[in-house]
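Enquirer: Below is query.txt; it holds compact mmCIF, N, CA and C atoms and all ligand atoms.
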```txt
# COMPACT_ATOMS: atom_id res chain seq x y z
N MET A 7 0.68 -15.01 -17.52
CA MET A 7 0.57 -14.20 -16.30
C MET A 7 -0.84 -13.63 -16.20
N THR A 8 -1.45 -13.71 -15.03
CA THR A 8 -2.80 -13.20 -14.84
C THR A 8 -2.78 -11.67 -14.80
N GLU A 9 -3.73 -11.11 -15.51
CA GLU A 9 -3.83 -9.65 -15.49
C GLU A 9 -4.89 -9.28 -14.48
N HIS A 10 -4.59 -8.29 -13.68
CA HIS A 10 -5.55 -7.86 -12.67
C HIS A 10 -6.08 -6.49 -13.04
N ARG A 11 -7.40 -6.36 -13.03
CA ARG A 11 -8.02 -5.09 -13.41
C ARG A 11 -9.26 -4.83 -12.57
N ILE A 12 -9.59 -3.56 -12.45
CA ILE A 12 -10.83 -3.16 -11.80
C ILE A 12 -11.43 -2.02 -12.63
N PRO A 13 -12.73 -1.79 -12.52
CA PRO A 13 -13.32 -0.67 -13.25
C PRO A 13 -12.72 0.66 -12.78
N ALA A 14 -12.37 1.51 -13.72
CA ALA A 14 -11.76 2.80 -13.39
C ALA A 14 -12.69 3.65 -12.53
N ARG A 15 -14.00 3.47 -12.71
CA ARG A 15 -14.95 4.29 -11.93
C ARG A 15 -14.87 3.95 -10.43
N ASP A 16 -14.31 2.77 -10.10
CA ASP A 16 -14.15 2.39 -8.69
C ASP A 16 -12.89 2.98 -8.06
N LEU A 17 -12.12 3.74 -8.84
CA LEU A 17 -10.85 4.26 -8.33
C LEU A 17 -10.74 5.77 -8.57
N PRO A 18 -11.63 6.54 -7.95
CA PRO A 18 -11.52 7.99 -8.08
C PRO A 18 -10.32 8.50 -7.27
N PRO A 19 -9.92 9.75 -7.45
CA PRO A 19 -8.79 10.29 -6.69
C PRO A 19 -8.96 10.11 -5.18
N GLY A 20 -7.88 9.70 -4.52
CA GLY A 20 -7.88 9.53 -3.07
C GLY A 20 -8.31 8.16 -2.60
N VAL A 21 -8.62 7.26 -3.55
CA VAL A 21 -9.15 5.95 -3.17
C VAL A 21 -8.11 4.85 -3.41
N VAL A 22 -8.15 3.80 -2.55
CA VAL A 22 -7.31 2.61 -2.70
C VAL A 22 -8.24 1.40 -2.78
N ARG A 23 -7.94 0.49 -3.70
CA ARG A 23 -8.77 -0.71 -3.86
C ARG A 23 -7.88 -1.94 -4.07
N ARG A 24 -8.54 -3.08 -4.04
CA ARG A 24 -7.85 -4.35 -4.28
C ARG A 24 -8.00 -4.75 -5.74
N ALA A 25 -6.90 -5.20 -6.34
CA ALA A 25 -6.94 -5.82 -7.67
C ALA A 25 -6.08 -7.08 -7.55
N GLY A 26 -6.72 -8.21 -7.21
CA GLY A 26 -5.97 -9.45 -6.98
C GLY A 26 -5.00 -9.25 -5.83
N PRO A 27 -3.72 -9.58 -6.03
CA PRO A 27 -2.74 -9.45 -4.95
C PRO A 27 -2.21 -8.04 -4.77
N TRP A 28 -2.77 -7.09 -5.49
CA TRP A 28 -2.25 -5.72 -5.50
C TRP A 28 -3.19 -4.75 -4.81
N ALA A 29 -2.59 -3.73 -4.21
CA ALA A 29 -3.34 -2.57 -3.73
C ALA A 29 -3.12 -1.50 -4.79
N VAL A 30 -4.20 -1.05 -5.40
CA VAL A 30 -4.07 -0.01 -6.41
C VAL A 30 -4.71 1.27 -5.88
N GLY A 31 -4.12 2.39 -6.24
CA GLY A 31 -4.63 3.64 -5.72
C GLY A 31 -4.54 4.75 -6.74
N ASN A 32 -5.23 5.82 -6.43
CA ASN A 32 -5.27 6.99 -7.28
C ASN A 32 -4.83 8.19 -6.44
N ARG A 33 -3.61 8.64 -6.74
CA ARG A 33 -3.05 9.81 -6.03
C ARG A 33 -3.30 11.03 -6.88
N ASP A 34 -4.43 11.67 -6.71
CA ASP A 34 -4.76 12.86 -7.52
C ASP A 34 -4.55 12.62 -9.01
N GLY A 35 -5.03 11.49 -9.48
CA GLY A 35 -4.94 11.21 -10.91
C GLY A 35 -3.76 10.34 -11.29
N GLU A 36 -2.79 10.21 -10.40
CA GLU A 36 -1.63 9.36 -10.66
C GLU A 36 -1.92 7.98 -10.06
N LEU A 37 -1.96 6.96 -10.92
CA LEU A 37 -2.30 5.62 -10.45
C LEU A 37 -1.06 4.90 -9.95
N PHE A 38 -1.24 4.07 -8.93
CA PHE A 38 -0.11 3.26 -8.45
C PHE A 38 -0.58 1.86 -8.08
N GLY A 39 0.36 0.94 -8.02
CA GLY A 39 0.07 -0.42 -7.60
C GLY A 39 1.22 -0.97 -6.80
N VAL A 40 0.91 -1.52 -5.64
CA VAL A 40 1.94 -2.15 -4.80
C VAL A 40 1.37 -3.46 -4.25
N SER A 41 2.26 -4.35 -3.81
CA SER A 41 1.79 -5.59 -3.21
C SER A 41 0.96 -5.27 -1.98
N ARG A 42 -0.03 -6.12 -1.72
CA ARG A 42 -1.08 -5.78 -0.75
C ARG A 42 -0.70 -5.96 0.70
N ARG A 43 0.27 -6.80 0.99
CA ARG A 43 0.53 -7.16 2.39
C ARG A 43 1.59 -6.27 3.03
N CYS A 44 1.16 -5.60 4.07
CA CYS A 44 2.06 -4.72 4.82
C CYS A 44 3.25 -5.52 5.33
N ARG A 45 4.43 -4.91 5.30
CA ARG A 45 5.66 -5.57 5.76
C ARG A 45 5.69 -5.72 7.28
N HIS A 46 4.80 -5.08 7.96
CA HIS A 46 4.77 -5.21 9.42
C HIS A 46 4.09 -6.51 9.83
N GLN A 47 2.76 -6.55 9.80
CA GLN A 47 2.05 -7.78 10.19
C GLN A 47 1.00 -8.15 9.16
N LEU A 48 1.33 -7.91 7.90
CA LEU A 48 0.54 -8.36 6.76
C LEU A 48 -0.85 -7.73 6.66
N GLY A 49 -1.01 -6.54 7.23
CA GLY A 49 -2.27 -5.81 7.05
C GLY A 49 -2.56 -5.64 5.56
N ASP A 50 -3.83 -5.57 5.23
CA ASP A 50 -4.24 -5.47 3.83
C ASP A 50 -4.20 -4.00 3.39
N LEU A 51 -3.18 -3.67 2.62
CA LEU A 51 -2.98 -2.28 2.21
C LEU A 51 -4.05 -1.78 1.24
N SER A 52 -4.81 -2.71 0.64
CA SER A 52 -5.89 -2.26 -0.25
C SER A 52 -7.04 -1.65 0.56
N LYS A 53 -6.99 -1.80 1.88
CA LYS A 53 -7.97 -1.17 2.75
C LYS A 53 -7.37 0.07 3.42
N GLY A 54 -6.19 0.45 2.94
CA GLY A 54 -5.50 1.60 3.50
C GLY A 54 -6.00 2.91 2.91
N SER A 55 -5.23 3.96 3.18
CA SER A 55 -5.63 5.29 2.71
C SER A 55 -4.40 6.02 2.17
N ILE A 56 -4.65 7.13 1.51
CA ILE A 56 -3.56 7.95 0.97
C ILE A 56 -3.51 9.22 1.81
N ASP A 57 -2.33 9.52 2.36
CA ASP A 57 -2.25 10.71 3.21
C ASP A 57 -1.90 11.97 2.42
N ALA A 58 -1.75 13.08 3.11
CA ALA A 58 -1.51 14.38 2.45
C ALA A 58 -0.21 14.40 1.66
N ASP A 59 0.76 13.53 2.03
CA ASP A 59 2.03 13.47 1.31
C ASP A 59 1.99 12.49 0.15
N GLY A 60 0.84 11.84 -0.06
CA GLY A 60 0.73 10.88 -1.15
C GLY A 60 1.24 9.51 -0.76
N CYS A 61 1.48 9.28 0.53
CA CYS A 61 1.93 7.96 0.99
C CYS A 61 0.72 7.06 1.24
N LEU A 62 0.94 5.76 1.06
CA LEU A 62 -0.09 4.77 1.37
C LEU A 62 0.04 4.41 2.85
N VAL A 63 -1.06 4.48 3.57
CA VAL A 63 -1.05 4.25 5.02
C VAL A 63 -1.78 2.94 5.32
N CYS A 64 -1.08 2.06 6.05
CA CYS A 64 -1.68 0.77 6.42
C CYS A 64 -2.84 0.99 7.39
N PRO A 65 -3.95 0.25 7.18
CA PRO A 65 -5.12 0.45 8.05
C PRO A 65 -4.91 -0.11 9.46
N TRP A 66 -3.93 -0.98 9.66
CA TRP A 66 -3.78 -1.62 10.98
C TRP A 66 -3.02 -0.76 11.98
N HIS A 67 -1.77 -0.43 11.67
CA HIS A 67 -0.97 0.34 12.63
C HIS A 67 -0.32 1.56 11.98
N GLN A 68 -0.86 1.95 10.84
CA GLN A 68 -0.50 3.22 10.18
C GLN A 68 0.96 3.32 9.73
N SER A 69 1.60 2.22 9.38
CA SER A 69 2.88 2.34 8.69
C SER A 69 2.61 3.08 7.38
N ARG A 70 3.60 3.87 6.93
CA ARG A 70 3.42 4.65 5.70
C ARG A 70 4.42 4.20 4.65
N TYR A 71 3.94 4.13 3.40
CA TYR A 71 4.78 3.67 2.30
C TYR A 71 4.87 4.69 1.19
N ASP A 72 6.08 4.80 0.62
CA ASP A 72 6.27 5.54 -0.62
C ASP A 72 5.83 4.60 -1.74
N VAL A 73 4.78 4.94 -2.46
CA VAL A 73 4.23 4.02 -3.46
C VAL A 73 5.06 3.99 -4.75
N THR A 74 6.02 4.90 -4.88
CA THR A 74 6.87 4.87 -6.08
C THR A 74 8.04 3.91 -5.91
N THR A 75 8.44 3.68 -4.66
CA THR A 75 9.58 2.78 -4.40
C THR A 75 9.18 1.53 -3.62
N GLY A 76 8.03 1.57 -2.94
CA GLY A 76 7.60 0.47 -2.08
C GLY A 76 8.24 0.50 -0.71
N GLU A 77 9.03 1.54 -0.45
CA GLU A 77 9.74 1.63 0.83
C GLU A 77 8.84 2.11 1.96
N MET A 78 8.99 1.48 3.13
CA MET A 78 8.28 1.97 4.31
C MET A 78 8.99 3.24 4.78
N VAL A 79 8.27 4.34 4.83
CA VAL A 79 8.90 5.61 5.22
C VAL A 79 8.58 5.99 6.66
N ALA A 80 7.61 5.33 7.26
CA ALA A 80 7.33 5.53 8.69
C ALA A 80 6.80 4.22 9.24
N GLY A 81 7.34 3.82 10.39
CA GLY A 81 6.99 2.54 10.99
C GLY A 81 5.64 2.54 11.67
N PRO A 82 5.24 1.39 12.17
CA PRO A 82 3.91 1.22 12.76
C PRO A 82 3.75 1.93 14.11
N HIS A 83 2.50 2.21 14.43
CA HIS A 83 2.14 2.75 15.74
C HIS A 83 1.36 1.65 16.47
N GLY A 84 2.11 0.66 16.94
CA GLY A 84 1.49 -0.45 17.67
C GLY A 84 1.85 -1.77 17.03
N PHE A 85 1.26 -2.83 17.56
CA PHE A 85 1.45 -4.18 17.01
C PHE A 85 0.28 -5.02 17.49
N LEU A 86 -0.02 -6.08 16.75
CA LEU A 86 -1.19 -6.92 17.01
C LEU A 86 -2.40 -6.04 17.29
N GLY A 87 -3.05 -6.20 18.46
CA GLY A 87 -4.23 -5.40 18.75
C GLY A 87 -3.93 -4.08 19.44
N TYR A 88 -2.64 -3.83 19.74
CA TYR A 88 -2.29 -2.59 20.43
C TYR A 88 -2.05 -1.46 19.44
N HIS A 89 -2.64 -0.31 19.70
CA HIS A 89 -2.44 0.86 18.85
C HIS A 89 -1.96 1.99 19.75
N GLY A 90 -0.75 2.42 19.53
CA GLY A 90 -0.20 3.50 20.35
C GLY A 90 1.28 3.63 20.08
N LYS A 91 1.96 4.40 20.92
CA LYS A 91 3.38 4.68 20.70
C LYS A 91 4.26 3.49 21.06
N THR A 92 5.20 3.21 20.19
CA THR A 92 6.18 2.14 20.41
C THR A 92 7.49 2.59 19.73
N PRO A 93 8.13 3.64 20.26
CA PRO A 93 9.24 4.29 19.54
C PRO A 93 10.35 3.35 19.04
N GLY A 94 10.95 2.55 19.93
CA GLY A 94 12.06 1.68 19.52
C GLY A 94 11.59 0.65 18.51
N TYR A 95 10.46 0.05 18.79
CA TYR A 95 9.89 -0.97 17.91
C TYR A 95 9.55 -0.38 16.54
N THR A 96 8.98 0.80 16.54
CA THR A 96 8.61 1.48 15.29
C THR A 96 9.84 1.67 14.42
N GLN A 97 10.96 2.09 15.03
CA GLN A 97 12.20 2.30 14.28
C GLN A 97 12.75 0.98 13.75
N LEU A 98 12.65 -0.07 14.57
CA LEU A 98 13.14 -1.38 14.16
C LEU A 98 12.38 -1.86 12.92
N VAL A 99 11.06 -1.79 12.97
CA VAL A 99 10.26 -2.26 11.83
C VAL A 99 10.56 -1.40 10.60
N ARG A 100 10.69 -0.10 10.83
CA ARG A 100 10.97 0.78 9.68
C ARG A 100 12.29 0.40 9.04
N SER A 101 13.27 0.03 9.85
CA SER A 101 14.57 -0.28 9.25
C SER A 101 14.49 -1.52 8.37
N TYR A 102 13.68 -2.51 8.71
CA TYR A 102 13.58 -3.63 7.76
C TYR A 102 12.60 -3.32 6.64
N GLY A 103 11.60 -2.45 6.91
CA GLY A 103 10.66 -2.05 5.85
C GLY A 103 11.34 -1.22 4.77
N LYS A 104 12.50 -0.64 5.12
CA LYS A 104 13.28 0.12 4.16
C LYS A 104 13.97 -0.81 3.17
N VAL A 105 14.30 -1.99 3.65
CA VAL A 105 15.01 -2.97 2.82
C VAL A 105 14.02 -3.93 2.14
N LEU A 106 13.08 -4.46 2.93
CA LEU A 106 12.08 -5.38 2.39
C LEU A 106 10.91 -4.56 1.82
N LYS A 107 11.14 -4.00 0.67
CA LYS A 107 10.14 -3.09 0.10
C LYS A 107 8.94 -3.85 -0.44
N LEU A 108 7.84 -3.13 -0.57
CA LEU A 108 6.68 -3.67 -1.27
C LEU A 108 7.07 -3.79 -2.74
N GLN A 109 6.45 -4.73 -3.44
CA GLN A 109 6.63 -4.78 -4.89
C GLN A 109 5.83 -3.64 -5.50
N VAL A 110 6.36 -3.06 -6.53
CA VAL A 110 5.70 -1.93 -7.20
C VAL A 110 5.38 -2.35 -8.64
N ARG A 111 4.17 -2.04 -9.08
CA ARG A 111 3.76 -2.33 -10.46
C ARG A 111 3.23 -1.08 -11.13
N ARG A 112 3.37 -1.05 -12.44
CA ARG A 112 2.78 0.04 -13.20
C ARG A 112 1.28 -0.22 -13.32
N VAL A 113 0.49 0.82 -13.17
CA VAL A 113 -0.97 0.71 -13.30
C VAL A 113 -1.41 1.69 -14.37
N LEU A 114 -2.17 1.17 -15.34
CA LEU A 114 -2.58 2.00 -16.47
C LEU A 114 -4.08 1.99 -16.63
N ARG A 115 -4.59 3.06 -17.16
CA ARG A 115 -5.99 3.12 -17.55
C ARG A 115 -6.08 2.49 -18.94
N ARG A 116 -6.96 1.50 -19.08
CA ARG A 116 -7.17 0.87 -20.39
C ARG A 116 -8.67 0.78 -20.62
N GLY A 117 -9.17 1.61 -21.50
CA GLY A 117 -10.63 1.66 -21.73
C GLY A 117 -11.31 2.09 -20.46
N ASP A 118 -12.29 1.29 -20.01
CA ASP A 118 -13.03 1.63 -18.80
C ASP A 118 -12.40 1.03 -17.56
N ASP A 119 -11.25 0.39 -17.73
CA ASP A 119 -10.62 -0.31 -16.61
C ASP A 119 -9.28 0.31 -16.23
N VAL A 120 -8.87 -0.09 -15.03
CA VAL A 120 -7.53 0.21 -14.54
C VAL A 120 -6.85 -1.16 -14.45
N VAL A 121 -5.67 -1.27 -15.06
CA VAL A 121 -5.00 -2.56 -15.19
C VAL A 121 -3.63 -2.52 -14.53
N VAL A 122 -3.34 -3.57 -13.76
CA VAL A 122 -2.01 -3.71 -13.14
C VAL A 122 -1.14 -4.49 -14.12
N GLU A 123 -0.03 -3.91 -14.52
CA GLU A 123 0.86 -4.60 -15.49
C GLU A 123 1.77 -5.59 -14.81
S1 LIG B 1 0.21 -4.46 9.72
FE1 LIG B 1 0.61 -2.62 8.67
S2 LIG B 1 1.30 -1.31 10.18
FE2 LIG B 1 0.93 -3.15 11.24
```
Would you mind writing the file out in structure tokens?
Expert:
Amino acid sequence: MTEHRIPARDLPPGVVRRAGPWAVGNRDGELFGVSRRCRHQLGDLSKGSIDADGCLVCPWHQSRYDVTTGEMVAGPHGFLGYHGKTPGYTQLVRSYGKVLKLQVRRVLRRGDDVVVE
């Protein structure tokens, strides 16, 4: 199995980065790793952000994920190139994002690196 790692200095608190197929992040010192592709339209979650609740936010339409379970906790605000309110659609996507969770991996600090197990 391929091990994915990045330098720990590239992952200060509040930052999300790519490690192979994983989006790894640092939630105030707590490291997490989830699969990179958003359940909505495959946005790259390694380019996302961490919000005040510690959720990972997709950069495309702002779906929010619980990084401990991989569950989508808030649906998208838009689709394709549209960004805005889509209440019924948002709920629909969230309902499948609740079931089709992101994969979750343990992420550890090992020496000068952060490693996805
Ligand atoms: S691709 Fe992630 S919210 Fe649309």
Enquirer: Near A:Lys53, within 10 Å and counting only C-alpha atoms, which residues show up once chain neighbours fewer than 2 positions away are dropped, as a ChimeraX atom specification?
Expert: /A:21-24,29,42,49-51,55,62-66
Enquirer: Keeping only N, CA and C atoms, write the selected residues to a file as an mmCIF file, in the coordinates of the input.
Expert:
```cif
data_model
loop_
_atom_site.group_PDB
_atom_site.id
_atom_site.type_symbol
_atom_site.label_atom_id
_atom_site.label_comp_id
_atom_site.auth_asym_id
_atom_site.auth_seq_id
_atom_site.Cartn_x
_atom_site.Cartn_y
_atom_site.Cartn_z
ATOM 1 N N VAL A 21 -8.620 7.260 -3.550
ATOM 2 C CA VAL A 21 -9.150 5.950 -3.170
ATOM 3 C C VAL A 21 -8.110 4.850 -3.410
ATOM 4 N N VAL A 22 -8.150 3.800 -2.550
ATOM 5 C CA VAL A 22 -7.310 2.610 -2.700
ATOM 6 C C VAL A 22 -8.240 1.400 -2.780
ATOM 7 N N ARG A 23 -7.940 0.490 -3.700
ATOM 8 C CA ARG A 23 -8.770 -0.710 -3.860
ATOM 9 C C ARG A 23 -7.880 -1.940 -4.070
ATOM 10 N N ARG A 24 -8.540 -3.080 -4.040
ATOM 11 C CA ARG A 24 -7.850 -4.350 -4.280
ATOM 12 C C ARG A 24 -8.000 -4.750 -5.740
ATOM 13 N N ALA A 29 -2.590 -3.730 -4.210
ATOM 14 C CA ALA A 29 -3.340 -2.570 -3.730
ATOM 15 C C ALA A 29 -3.120 -1.500 -4.790
ATOM 16 N N ARG A 42 -0.030 -6.120 -1.720
ATOM 17 C CA ARG A 42 -1.080 -5.780 -0.750
ATOM 18 C C ARG A 42 -0.700 -5.960 0.700
ATOM 19 N N GLY A 49 -1.010 -6.540 7.230
ATOM 20 C CA GLY A 49 -2.270 -5.810 7.050
ATOM 21 C C GLY A 49 -2.560 -5.640 5.560
ATOM 22 N N ASP A 50 -3.830 -5.570 5.230
ATOM 23 C CA ASP A 50 -4.240 -5.470 3.830
ATOM 24 C C ASP A 50 -4.200 -4.000 3.390
ATOM 25 N N LEU A 51 -3.180 -3.670 2.620
ATOM 26 C CA LEU A 51 -2.980 -2.280 2.210
ATOM 27 C C LEU A 51 -4.050 -1.780 1.240
ATOM 28 N N SER A 55 -5.230 3.960 3.180
ATOM 29 C CA SER A 55 -5.630 5.290 2.710
ATOM 30 C C SER A 55 -4.400 6.020 2.170
ATOM 31 N N LEU A 62 0.940 5.760 1.060
ATOM 32 C CA LEU A 62 -0.090 4.770 1.370
ATOM 33 C C LEU A 62 0.040 4.410 2.850
ATOM 34 N N VAL A 63 -1.060 4.480 3.570
ATOM 35 C CA VAL A 63 -1.050 4.250 5.020
ATOM 36 C C VAL A 63 -1.780 2.940 5.320
ATOM 37 N N CYS A 64 -1.080 2.060 6.050
ATOM 38 C CA CYS A 64 -1.680 0.770 6.420
ATOM 39 C C CYS A 64 -2.840 0.990 7.390
ATOM 40 N N PRO A 65 -3.950 0.250 7.180
ATOM 41 C CA PRO A 65 -5.120 0.450 8.050
ATOM 42 C C PRO A 65 -4.910 -0.110 9.460
ATOM 43 N N TRP A 66 -3.930 -0.980 9.660
ATOM 44 C CA TRP A 66 -3.780 -1.620 10.980
ATOM 45 C C TRP A 66 -3.020 -0.760 11.980
#
```
Enquirer: Which value, in Å to one decimal, gives the distance between atom CA of A:His89 and atom CA of A:Gly31?
Expert: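 Spanning atom CA of A:His89 to atom CA of A:Gly31 is a straight-line distance of 24.8 Å.
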Enquirer: For the atom pair atom N of A:Ile12 and atom N of A:Arg43, what is the interatomic distance in Å to one decimal place?
Expert: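 Taking atom N of A:Ile12 and atom N of A:Arg43, their separation equals 17.0 Å.
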Enquirer: May I have a table of the residues of chain A lying at most 5 Å from ligand LIG 1 (chain B), giving each one's closest pair of atoms and their distance in Å to one decimal, counting only N, CA and C atoms and all ligand atoms, ordered by chain and ascending residue number, as a tab-separated table?
Expert:
```
residue	atom	partner	partner_atom	distance
A:Cys44	CA	B:LIG1	FE1	4.6
A:His46	C	B:LIG1	S1	4.4
A:Gln47	N	B:LIG1	S1	3.3
A:Leu48	N	B:LIG1	S1	4.1
A:Gly49	N	B:LIG1	S1	3.5
A:Cys64	CA	B:LIG1	FE1	4.7
A:Trp66	C	B:LIG1	FE2	4.7
A:His67	N	B:LIG1	S2	3.5
A:Gln68	N	B:LIG1	S2	4.0
A:Ser69	N	B:LIG1	S2	3.6
A:Pro82	CA	B:LIG1	S2	4.5
```
Enquirer: A:Tyr88, A:Gly20, A:Arg112, A:Asp72: which is nearest A:Ile56, counting only N, CA and C atoms?
Expert: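 Of the candidates, the smallest distance to A:Ile56 is held by A:Gly20.
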Enquirer: Have a look at atom CA of A:Val99 and atom C of A:Gly76 and let me know their distance in Å, one decimal.
Expert: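 If I compute the distance from atom CA of A:Val99 to atom C of A:Gly76, I get 13.0 Å.
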Enquirer: A:Leu108, A:Pro13, A:Val120, A:Gly90: which is nearest A:Tyr71, counting all atoms listed in the file?
Expert: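 Checking each of A:Leu108, A:Pro13, A:Val120, A:Gly90 against A:Tyr71, counting all atoms listed in the file, the winner is A:Leu108.
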Enquirer: For A:Cys61, which residue out of A:Gln97, A:Gly103, A:Val73, A:Trp28 is the nearest one, using all atoms listed in the file?
Expert: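 Comparing A:Gln97, A:Gly103, A:Val73, A:Trp28 against A:Cys61, the winner is A:Val73.
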Enquirer: Which one is closest to A:Asp34: A:Gly60, A:Lys91, A:Asp16, A:His83? Count only N, CA and C atoms.
Expert: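 Result for the nearest residue to A:Asp34: A:Gly60.
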Enquirer: Which polymer residues have any atom within 8 Å of an atom of A:Arg111, counting only N, CA and C atoms, with same-chain residues fewer than 5 positions away left out, as a VMD selection string?
Expert: chain A and resid 37 to 41 73 to 74 121 to 123
Enquirer: Measuring atom to atom with only C-alpha atoms, identify which of A:Arg100, A:Arg116, A:His10, A:Arg33 is nearest to A:Met78.
Expert: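 Selected residue with least distance to A:Met78: A:Arg100.
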Enquirer: Once you add 8 Å to each side, what are the centre and edge lengths of the axis-aligned box holding all listed atoms of stretch 62-65 of chain A? One decimal in Å, as lines of an AutoDock Vina configuration file, if you can.
Expert:
```
center_x = -2.1
center_y = 2.8
center_z = 5.3
size_x = 22.1
size_y = 21.9
size_z = 24.4
```
Enquirer: Could you go through stretch 7-122 of chain A and tell me which residues DSSP, when run on the backbone, assigns to strand (DSSP E or B), listing them as a ChimeraX atom specification?
Expert: /A:10-13,22-25,28-33,36-41,43,50,55-56,62-63,70-71,78-80,84-85,88-89,110-111,113-116,119-122
Enquirer: Please extract the residues of stretch 14-102 of chain A with a backbone DSSP assignment of alpha helix (DSSP H) and present them as a PyMOL selection string.
Expert: chain A and resi 93-102
Enquirer: So, with only C-alpha atoms as the atoms that count, which of A:Leu17, A:Glu9, A:Gly87, A:Glu77 lies closest to A:Ser52?
Expert: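 Answer, going by the shortest atom-to-atom distance: A:Leu17.
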